[in-house]
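Structure first, commentary second.
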Amino acid sequence: MLKAHSEARIVKSCEPKRILIANAKGGCGKTTLATNLAAILADNESNKVALVDHDPQGSSAQWNAARNVNLPNIYSVAAFRSEYMHSTRSFKLKVPSNTTHVINDTPAGLTGNELADIIKHSDVIIIPVVPSAIDIRAATSFIKDVLLSAGFRSKPKPIAVVANRVKRNTLGYNKLEIFLKSLNIPFITAIRDTQHYVRAAEFGMGIYDFTQYNQKDLDEWKPLIKWLNYHLAKI
């Protein structure tokens with residue numbers, strides 16, 4: 001297992017840093033991004049990470065439940081469960097007092113007041129996009145919704161796009177790359193399509209938890225961690 005990655009060392013403060021993983025389009029890999037980012041940050045023992053699952057499918061919560069007790073601990077909040085339905089936001093998103101990072105994994109179809117509210121209570125926004133014409137069009141619409149939402153306009157915050165499940169040197173990826181670079185939003189990195197993520201998820205692991213990891217996979221996360229380091233340290 002990789003230990004104490006220097007890339008994941010983010011300055012502490014009294015309030016946890018809140019990272020929003022969102023895209024109204026389903027199937028873009030929000031949970032893969034959220035769980036792997038949680039595992040990367042948790043690998044630094046000075047970080048105390050909470051993973052909040054807002055998706056009724058409960059994929060992030062199930063991933064965390066399968067996590068071995070010998071792996072770095074990640075606190076789980078299943079915000080989608082019925083007992084939270086009529087709770088206040090502060091109760092629904094309650095995390096331990098020593099939490100340094102909160103990662104919000106959101107459901108498909110996130111729009112309107114719900115989108116504005118969760119943006120308002122986030123510090124940075126990461127939007128995963130996969131290389132297909134349908135997803136590119138959906139991402140265009142979602143990014144517009146984010147930028148025009150009351151939660152973003154009242155307090156703009158760093159926002160970035162990550163290309164997910166990509167196969168480089170394909171027509172689909174080339175179109176996605178051109179689209180992302182055309183945005184006035186940072187295109188941080190591209191995460192390749194590999195069964196390593198499927199294998200890791202089965203055991204509640206992230207790509208950084210594997211003892212037999214592929215350095216190429218790890219390198220793809222470094223630009224995102226660097227971007228987070230820079231923006232979260234300023235909050």
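In the structure tokens, chains take the letters A, B, ... in the order shown, each chain's residues start at 1, and ligands count up from 1 in the order shown.
All residues of protein, DNA or RNA that reach within 7 Å of segment 181-192 of chain A, judged by only C-alpha atoms and not counting those fewer than 3 positions away in the chain, are A:Ile159, A:Ala160, A:Val161, A:Val162, A:Ala163, A:Asn164, A:Arg165, A:Val166, A:Lys167, A:Glu177, A:Ile178, A:Glu220, A:Pro223, A:Leu224.
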Since we have the selection now, will you write its residues out, keeping C-alpha atoms, as an mmCIF file, in the first residue's frame?
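For reference, part-v9.cif as written:
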data_model
loop_
_atom_site.group_PDB
_atom_site.id
_atom_site.type_symbol
_atom_site.label_atom_id
_atom_site.label_comp_id
_atom_site.auth_asym_id
_atom_site.auth_seq_id
_atom_site.Cartn_x
_atom_site.Cartn_y
_atom_site.Cartn_z
ATOM 1 C CA ILE A 159 -14.455 24.379 -10.698
ATOM 2 C CA ALA A 160 -12.663 21.811 -12.851
ATOM 3 C CA VAL A 161 -13.454 19.055 -15.326
ATOM 4 C CA VAL A 162 -11.976 15.544 -15.368
ATOM 5 C CA ALA A 163 -12.214 13.243 -18.395
ATOM 6 C CA ASN A 164 -13.209 9.806 -17.119
ATOM 7 C CA ARG A 165 -13.008 6.253 -18.516
ATOM 8 C CA VAL A 166 -11.054 7.407 -21.550
ATOM 9 C CA LYS A 167 -9.362 5.396 -24.270
ATOM 10 C CA GLU A 177 -10.451 16.723 -25.384
ATOM 11 C CA ILE A 178 -11.244 19.434 -27.930
ATOM 12 C CA GLU A 220 -3.137 10.437 -13.859
ATOM 13 C CA PRO A 223 -2.713 16.863 -11.567
ATOM 14 C CA LEU A 224 -6.053 16.663 -9.751
#
Show which residues sit within 8 Å of Ala66 of chain A, as a VMD selection string. Count only C-alpha atoms, and ignore same-chain residues fewer than 2 positions away. chain A and resid 62 to 64 68 202 to 204
Take the residues that were just selected and, keeping C-alpha atoms, output them as a PDB file, in the first residue's frame.
ATOM      1  CA  GLN A  62     -21.556   0.169  -0.253  1.00  0.00           C
ATOM      2  CA  TRP A  63     -17.956   0.682  -1.371  1.00  0.00           C
ATOM      3  CA  ASN A  64     -17.019   2.006   2.057  1.00  0.00           C
ATOM      4  CA  ASN A  68     -11.027  -3.606   4.968  1.00  0.00           C
ATOM      5  CA  GLU A 202     -15.084  -4.687  -5.341  1.00  0.00           C
ATOM      6  CA  PHE A 203     -13.037  -4.620  -2.135  1.00  0.00           C
ATOM      7  CA  GLY A 204     -13.738  -1.059  -1.034  1.00  0.00           C
TER       8      GLY A 204
END
Backbone DSSP call of helix (DSSP H, G or I) for segment 62-198 of chain A, listed as a PyMOL selection string: chain A and resi 62-65+82-84+89-92+112-120+133-148+150-154+171-182+195-198
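Those residues that approach segment 72-78 of chain A to within 7 Å, counting only C-alpha atoms, are Ala42, Asp43, Val49, Ala50, Leu51, Val52, Asp53, His54, Ala61 and Asn64 of chain A; same-chain residues fewer than 5 positions away are not listed.
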Just give me the gap between atom CA of His101 of chain A and atom CA of Pro16 of chain A in Å, one decimal is fine. 4.9 Å
List as number ranges by chain the protein and nucleic acid residues near His231 of chain A, meaning an atom at most 12 Å away when only C-alpha atoms are counted, but skip any in the same chain fewer than 2 places from it. A: 10-11, 17-19, 123-125, 157-160, 224-229, 233-235
Give me the residues near Thr31 of chain A as a VMD selection string, where near means some atom within 9 Å (using only C-alpha atoms) and where sequence neighbours in that chain fewer than 5 positions away do not count. chain A and resid 21 36 53 59 to 60 105 to 106
Residues of the last selection are to be written out with N, CA and C atoms, as an mmCIF file, in the first residue's frame.
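Written output follows (part.cif):
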data_model
loop_
_atom_site.group_PDB
_atom_site.id
_atom_site.type_symbol
_atom_site.label_atom_id
_atom_site.label_comp_id
_atom_site.auth_asym_id
_atom_site.auth_seq_id
_atom_site.Cartn_x
_atom_site.Cartn_y
_atom_site.Cartn_z
ATOM 1 N N ILE A 21 -18.436 16.363 -6.106
ATOM 2 C CA ILE A 21 -18.311 15.606 -7.356
ATOM 3 C C ILE A 21 -19.699 15.558 -7.976
ATOM 4 N N ASN A 36 -12.188 6.999 -5.152
ATOM 5 C CA ASN A 36 -10.738 6.980 -5.322
ATOM 6 C C ASN A 36 -10.092 8.222 -4.726
ATOM 7 N N ASP A 53 -22.665 10.065 0.638
ATOM 8 C CA ASP A 53 -23.333 9.482 -0.524
ATOM 9 C C ASP A 53 -24.763 10.018 -0.595
ATOM 10 N N SER A 59 -23.954 3.577 -3.959
ATOM 11 C CA SER A 59 -22.713 2.922 -4.393
ATOM 12 C C SER A 59 -21.511 3.301 -3.534
ATOM 13 N N SER A 60 -21.388 4.572 -3.166
ATOM 14 C CA SER A 60 -20.255 5.001 -2.340
ATOM 15 C C SER A 60 -20.329 4.391 -0.949
ATOM 16 N N ASP A 105 -20.625 12.747 -3.027
ATOM 17 C CA ASP A 105 -20.919 11.974 -4.233
ATOM 18 C C ASP A 105 -22.406 12.150 -4.516
ATOM 19 N N THR A 106 -22.735 12.764 -5.645
ATOM 20 C CA THR A 106 -24.112 13.167 -5.914
ATOM 21 C C THR A 106 -24.801 12.279 -6.946
#
Between A:Asn23, A:Asn98, A:Asn44, A:Ser154, which one has atoms that come closest to His121 of chain A, using only C-alpha atoms?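 Selected residue with least distance to His121 of chain A: A:Ser154.
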Selected residue, from A:Ala138, A:Leu218, A:Leu147, A:Ala133, that lies nearest to Leu171 of chain A when counting only C-alpha atoms: A:Ala133
For Leu110 of chain A, which of A:Asp55, A:Ala24, A:Lys48, A:Pro156 is the closest residue, counting only C-alpha atoms?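 Using only C-alpha atoms, the shortest distance to Leu110 of chain A belongs to A:Ala24.
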Excluding Ala22 of chain A and residues on its chain fewer than 6 positions from it, collect all residues at most 10 Å away from it, counting only C-alpha atoms, and give them as a VMD selection string. chain A and resid 28 to 31 33 to 34 104 to 110 115 118 to 119 125 to 129 142 to 143 146
Please indicate the distance in Å from atom CA of Asp193 of chain A to atom CA of Asp217 of chain A, rounded to one decimal place.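 We find that atom CA of Asp193 of chain A and atom CA of Asp217 of chain A lie 9.8 Å from each other.
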Extract the full set of strand (DSSP E or B) residues from chain A according to DSSP on the backbone, and format it as a VMD selection string. chain A and resid 17 to 21 49 to 53 74 to 78 101 to 105 124 to 129 159 to 166 187 to 192
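The interatomic distance for the pair atom CA of Tyr173 of chain A and atom CA of Pro131 of chain A works out to 5.2 Å.
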